[in-house]
Amino acid sequence: VRFLKEPYSGGVGSFLLQLMIVSFLQHREREGAEFRRPLGPNLGVMLLEFLELFGNDFNHVTTGISVLNNGSLFPKGAPHRKEAFVRDGRFFLLAVENPLETTMDVGSSSFRFQMIQRSFATAHKMLLAHLTSPELQTKSFLATILPPNKEELLDRQAWLKETKQTFVPGSAKKNRDSTDGSLKRGISRSRSQGDKNSKRRRWS
């Protein structure tokens, strides 16, 4: 997943990722209002829904994203959109309107988005595998989809060594348990809503 974050290599850069997240939150909020279902700020739930949406449900071949005016979707092949959002007939690219310049496509460099989509789908399945019954035991659920590299581990060890006087024993486990609990609640909620919720989230 790490090497898919660079736009020059066809990945999703920070600005594009921000717009994807904003669009997801806009439609999530609208869905809650439409079905009169309050959606709390559960980060575990939102992570699972985001991965499911852009890994499985969102049809990026035919549909583009705009975050203007509370967010909307548009057909990439529409006459007034096609020139800006379908470059050289490459429908497989993710199309995201730049809110600062609406004729610019922020996703035009994401030529590896199909690989990114598969990575999101795989991450969603891996989290489900660790959170559904029977539960697969692991020290960290998030580390199963984004394991820290050696440099990050060394940096964290150095940071812990520097702050050992103020470090509270067990706090790391407490934070991890909180994150894992959030993800578990997300799975429980997803199960209870079943296919009805899944159909509402499908974008095409």
# chains A, B, ... in the order shown; residues from 1 in each chain; ligands from 1
>>> select_by_dssp(residues="stretch 59-169 of chain A", states="strand (DSSP E or B)", output="MDAnalysis selection string")
chainID A and resid 63:66 72:75 96:98 101:105
>>> select_by_dssp(residues="stretch 22-128 of chain A", states="helix (DSSP H, G or I)", output="ChimeraX atom specification")
/A:22-34,43-57,68-70,79-85,87-89,113-128
>>> write_last_selection(atoms="C-alpha atoms", output="PDB file, in the first residue's frame")
ATOM      1  CA  VAL A  22     -14.511  14.482   2.018  1.00  0.00           C
ATOM      2  CA  SER A  23     -16.788  12.962  -0.630  1.00  0.00           C
ATOM      3  CA  PHE A  24     -17.223   9.822   1.458  1.00  0.00           C
ATOM      4  CA  LEU A  25     -18.155  11.860   4.549  1.00  0.00           C
ATOM      5  CA  GLN A  26     -20.570  14.058   2.572  1.00  0.00           C
ATOM      6  CA  HIS A  27     -22.484  11.098   1.194  1.00  0.00           C
ATOM      7  CA  ARG A  28     -22.341   9.293   4.523  1.00  0.00           C
ATOM      8  CA  GLU A  29     -23.909  12.288   6.266  1.00  0.00           C
ATOM      9  CA  ARG A  30     -26.558  12.600   3.560  1.00  0.00           C
ATOM     10  CA  GLU A  31     -27.352   8.906   3.888  1.00  0.00           C
ATOM     11  CA  GLY A  32     -27.835   9.277   7.632  1.00  0.00           C
ATOM     12  CA  ALA A  33     -30.225  12.196   7.154  1.00  0.00           C
ATOM     13  CA  GLU A  34     -32.143  10.487   4.344  1.00  0.00           C
ATOM     14  CA  LEU A  43     -13.430   5.904  13.266  1.00  0.00           C
ATOM     15  CA  GLY A  44     -13.440   2.100  13.068  1.00  0.00           C
ATOM     16  CA  VAL A  45     -16.802   2.118  11.304  1.00  0.00           C
ATOM     17  CA  MET A  46     -15.731   4.863   8.923  1.00  0.00           C
ATOM     18  CA  LEU A  47     -12.465   3.121   8.029  1.00  0.00           C
ATOM     19  CA  LEU A  48     -14.301  -0.089   7.167  1.00  0.00           C
ATOM     20  CA  GLU A  49     -16.941   1.757   5.143  1.00  0.00           C
ATOM     21  CA  PHE A  50     -14.324   3.793   3.269  1.00  0.00           C
ATOM     22  CA  LEU A  51     -12.351   0.677   2.321  1.00  0.00           C
ATOM     23  CA  GLU A  52     -15.524  -1.142   1.296  1.00  0.00           C
ATOM     24  CA  LEU A  53     -16.737   1.789  -0.784  1.00  0.00           C
ATOM     25  CA  PHE A  54     -13.590   2.491  -2.782  1.00  0.00           C
ATOM     26  CA  GLY A  55     -12.459  -1.132  -2.772  1.00  0.00           C
ATOM     27  CA  ASN A  56     -15.721  -2.788  -3.826  1.00  0.00           C
ATOM     28  CA  ASP A  57     -18.701  -0.528  -4.439  1.00  0.00           C
ATOM     29  CA  LEU A  68     -18.753  21.154  -4.337  1.00  0.00           C
ATOM     30  CA  ASN A  69     -22.220  22.095  -3.056  1.00  0.00           C
ATOM     31  CA  ASN A  70     -22.314  19.348  -0.414  1.00  0.00           C
ATOM     32  CA  PRO A  79     -20.934  15.861 -22.976  1.00  0.00           C
ATOM     33  CA  HIS A  80     -19.893  18.726 -20.685  1.00  0.00           C
ATOM     34  CA  ARG A  81     -17.656  16.446 -18.577  1.00  0.00           C
ATOM     35  CA  LYS A  82     -16.057  14.073 -21.045  1.00  0.00           C
ATOM     36  CA  GLU A  83     -13.354  16.435 -22.319  1.00  0.00           C
ATOM     37  CA  ALA A  84     -12.009  17.151 -18.836  1.00  0.00           C
ATOM     38  CA  PHE A  85     -12.514  13.764 -17.171  1.00  0.00           C
ATOM     39  CA  ARG A  87      -8.429  11.642 -21.194  1.00  0.00           C
ATOM     40  CA  ASP A  88      -7.575   9.721 -24.381  1.00  0.00           C
ATOM     41  CA  GLY A  89     -10.462   7.327 -23.740  1.00  0.00           C
ATOM     42  CA  PHE A 113      -6.048   3.197  -9.368  1.00  0.00           C
ATOM     43  CA  GLN A 114      -7.224  -0.312 -10.233  1.00  0.00           C
ATOM     44  CA  MET A 115      -4.334  -1.648  -8.130  1.00  0.00           C
ATOM     45  CA  ILE A 116      -5.213   0.797  -5.361  1.00  0.00           C
ATOM     46  CA  GLN A 117      -8.821  -0.374  -5.526  1.00  0.00           C
ATOM     47  CA  ARG A 118      -7.681  -3.985  -5.112  1.00  0.00           C
ATOM     48  CA  SER A 119      -5.505  -2.932  -2.162  1.00  0.00           C
ATOM     49  CA  PHE A 120      -8.494  -1.280  -0.478  1.00  0.00           C
ATOM     50  CA  ALA A 121     -10.618  -4.372  -1.105  1.00  0.00           C
ATOM     51  CA  THR A 122      -7.910  -6.645   0.300  1.00  0.00           C
ATOM     52  CA  ALA A 123      -7.474  -4.433   3.381  1.00  0.00           C
ATOM     53  CA  HIS A 124     -11.239  -4.552   3.983  1.00  0.00           C
ATOM     54  CA  LYS A 125     -11.277  -8.345   3.752  1.00  0.00           C
ATOM     55  CA  MET A 126      -8.259  -8.663   6.056  1.00  0.00           C
ATOM     56  CA  LEU A 127      -9.890  -6.522   8.729  1.00  0.00           C
ATOM     57  CA  LEU A 128     -13.081  -8.532   8.425  1.00  0.00           C
TER      58      LEU A 128
END
>>> residues_around(residues="A:Ser108", least_positions_apart="5", cutoff="10 Å", atoms="only C-alpha atoms", output="ChimeraX atom specification")
/A:7,10,16,84-87,90,93-97
>>> write_last_selection(atoms="N, CA, C and O atoms", output="short mmCIF file (atom, residue, chain, number, x, y, z; two decimals), in the first residue's frame")
data_model
loop_
_atom_site.label_atom_id
_atom_site.label_comp_id
_atom_site.auth_asym_id
_atom_site.auth_seq_id
_atom_site.Cartn_x
_atom_site.Cartn_y
_atom_site.Cartn_z
N PRO A 7 1.71 10.32 -6.55
CA PRO A 7 1.04 10.60 -7.83
C PRO A 7 1.92 10.32 -9.05
O PRO A 7 1.42 9.88 -10.08
N GLY A 10 1.55 6.94 -10.32
CA GLY A 10 0.18 6.49 -10.58
C GLY A 10 -0.65 6.26 -9.35
O GLY A 10 -1.75 5.71 -9.43
N LEU A 16 -5.71 14.29 -3.49
CA LEU A 16 -6.73 13.38 -4.03
C LEU A 16 -7.37 12.56 -2.92
O LEU A 16 -8.59 12.40 -2.87
N ALA A 84 -12.88 16.94 -19.99
CA ALA A 84 -12.01 17.15 -18.84
C ALA A 84 -11.71 15.89 -18.05
O ALA A 84 -10.64 15.76 -17.45
N PHE A 85 -12.64 14.90 -18.08
CA PHE A 85 -12.51 13.76 -17.17
C PHE A 85 -12.33 12.41 -17.86
O PHE A 85 -12.24 11.40 -17.17
N VAL A 86 -12.28 12.39 -19.17
CA VAL A 86 -11.95 11.16 -19.88
C VAL A 86 -10.82 11.48 -20.84
O VAL A 86 -11.05 11.89 -21.98
N ARG A 87 -9.60 11.31 -20.39
CA ARG A 87 -8.43 11.64 -21.19
C ARG A 87 -8.04 10.47 -22.10
O ARG A 87 -7.79 9.37 -21.62
N ARG A 90 -9.35 6.97 -21.61
CA ARG A 90 -8.93 6.16 -20.45
C ARG A 90 -9.97 6.26 -19.33
O ARG A 90 -9.82 6.99 -18.36
N LEU A 93 -9.33 5.59 -15.22
CA LEU A 93 -8.78 6.51 -14.24
C LEU A 93 -9.87 7.01 -13.29
O LEU A 93 -11.02 7.14 -13.67
N LEU A 94 -9.48 7.31 -12.07
CA LEU A 94 -10.40 7.90 -11.11
C LEU A 94 -10.59 9.37 -11.47
O LEU A 94 -9.62 10.10 -11.66
N ALA A 95 -11.83 9.82 -11.58
CA ALA A 95 -12.13 11.20 -11.94
C ALA A 95 -12.64 11.95 -10.72
O ALA A 95 -13.69 11.62 -10.17
N VAL A 96 -11.88 12.98 -10.30
CA VAL A 96 -12.27 13.79 -9.14
C VAL A 96 -12.09 15.26 -9.51
O VAL A 96 -10.98 15.69 -9.82
N GLU A 97 -13.17 16.00 -9.45
CA GLU A 97 -13.15 17.41 -9.81
C GLU A 97 -12.36 18.22 -8.79
O GLU A 97 -12.52 18.05 -7.59
#
>>> atom_distance(atom1="atom CA of A:Ile145", atom2="atom CA of A:Ser14")
18.9 Å
>>> atom_distance(atom1="atom CA of A:Leu142", atom2="atom CA of A:Gln157")
18.7 Å
>>> closest_residue(among="A:Phe35, A:Thr63, A:Leu73, A:Pro99", to="A:Leu19", atoms="only C-alpha atoms")
A:Pro99
>>> residues_around(residues="A:Phe15", least_positions_apart="2", cutoff="12 Å", atoms="only C-alpha atoms", output="list in words")
Lys5, Glu6, Pro7, Gly11, Val12, Gly13, Leu17, Gln18, Leu19, Met20, Ile21, Val22, Val96, Glu97, Asn98, Pro99, Leu100, Asp105, Val106 and Gly107 of chain A
>>> write_last_selection(atoms="C-alpha atoms", output="PDB file, in the first residue's frame")
ATOM      1  CA  LYS A   5       0.655   7.093  -2.339  1.00  0.00           C
ATOM      2  CA  GLU A   6       2.835   8.863  -4.912  1.00  0.00           C
ATOM      3  CA  PRO A   7       1.035  10.601  -7.832  1.00  0.00           C
ATOM      4  CA  GLY A  11      -0.856   6.452  -6.945  1.00  0.00           C
ATOM      5  CA  VAL A  12      -3.198   8.553  -4.826  1.00  0.00           C
ATOM      6  CA  GLY A  13      -1.592  11.733  -3.507  1.00  0.00           C
ATOM      7  CA  LEU A  17      -7.088  11.255  -0.887  1.00  0.00           C
ATOM      8  CA  GLN A  18      -8.485  14.243   1.022  1.00  0.00           C
ATOM      9  CA  LEU A  19     -11.137  14.781  -1.662  1.00  0.00           C
ATOM     10  CA  MET A  20     -12.059  11.083  -1.592  1.00  0.00           C
ATOM     11  CA  ILE A  21     -12.474  11.252   2.185  1.00  0.00           C
ATOM     12  CA  VAL A  22     -14.511  14.482   2.018  1.00  0.00           C
ATOM     13  CA  VAL A  96     -12.275  13.786  -9.143  1.00  0.00           C
ATOM     14  CA  GLU A  97     -13.146  17.413  -9.810  1.00  0.00           C
ATOM     15  CA  ASN A  98     -10.770  20.003  -8.409  1.00  0.00           C
ATOM     16  CA  PRO A  99     -12.975  22.264  -6.231  1.00  0.00           C
ATOM     17  CA  LEU A 100     -10.628  25.204  -6.908  1.00  0.00           C
ATOM     18  CA  ASP A 105      -9.200  16.422 -12.836  1.00  0.00           C
ATOM     19  CA  VAL A 106      -7.274  15.699  -9.634  1.00  0.00           C
ATOM     20  CA  GLY A 107      -7.352  11.973 -10.406  1.00  0.00           C
TER      21      GLY A 107
END
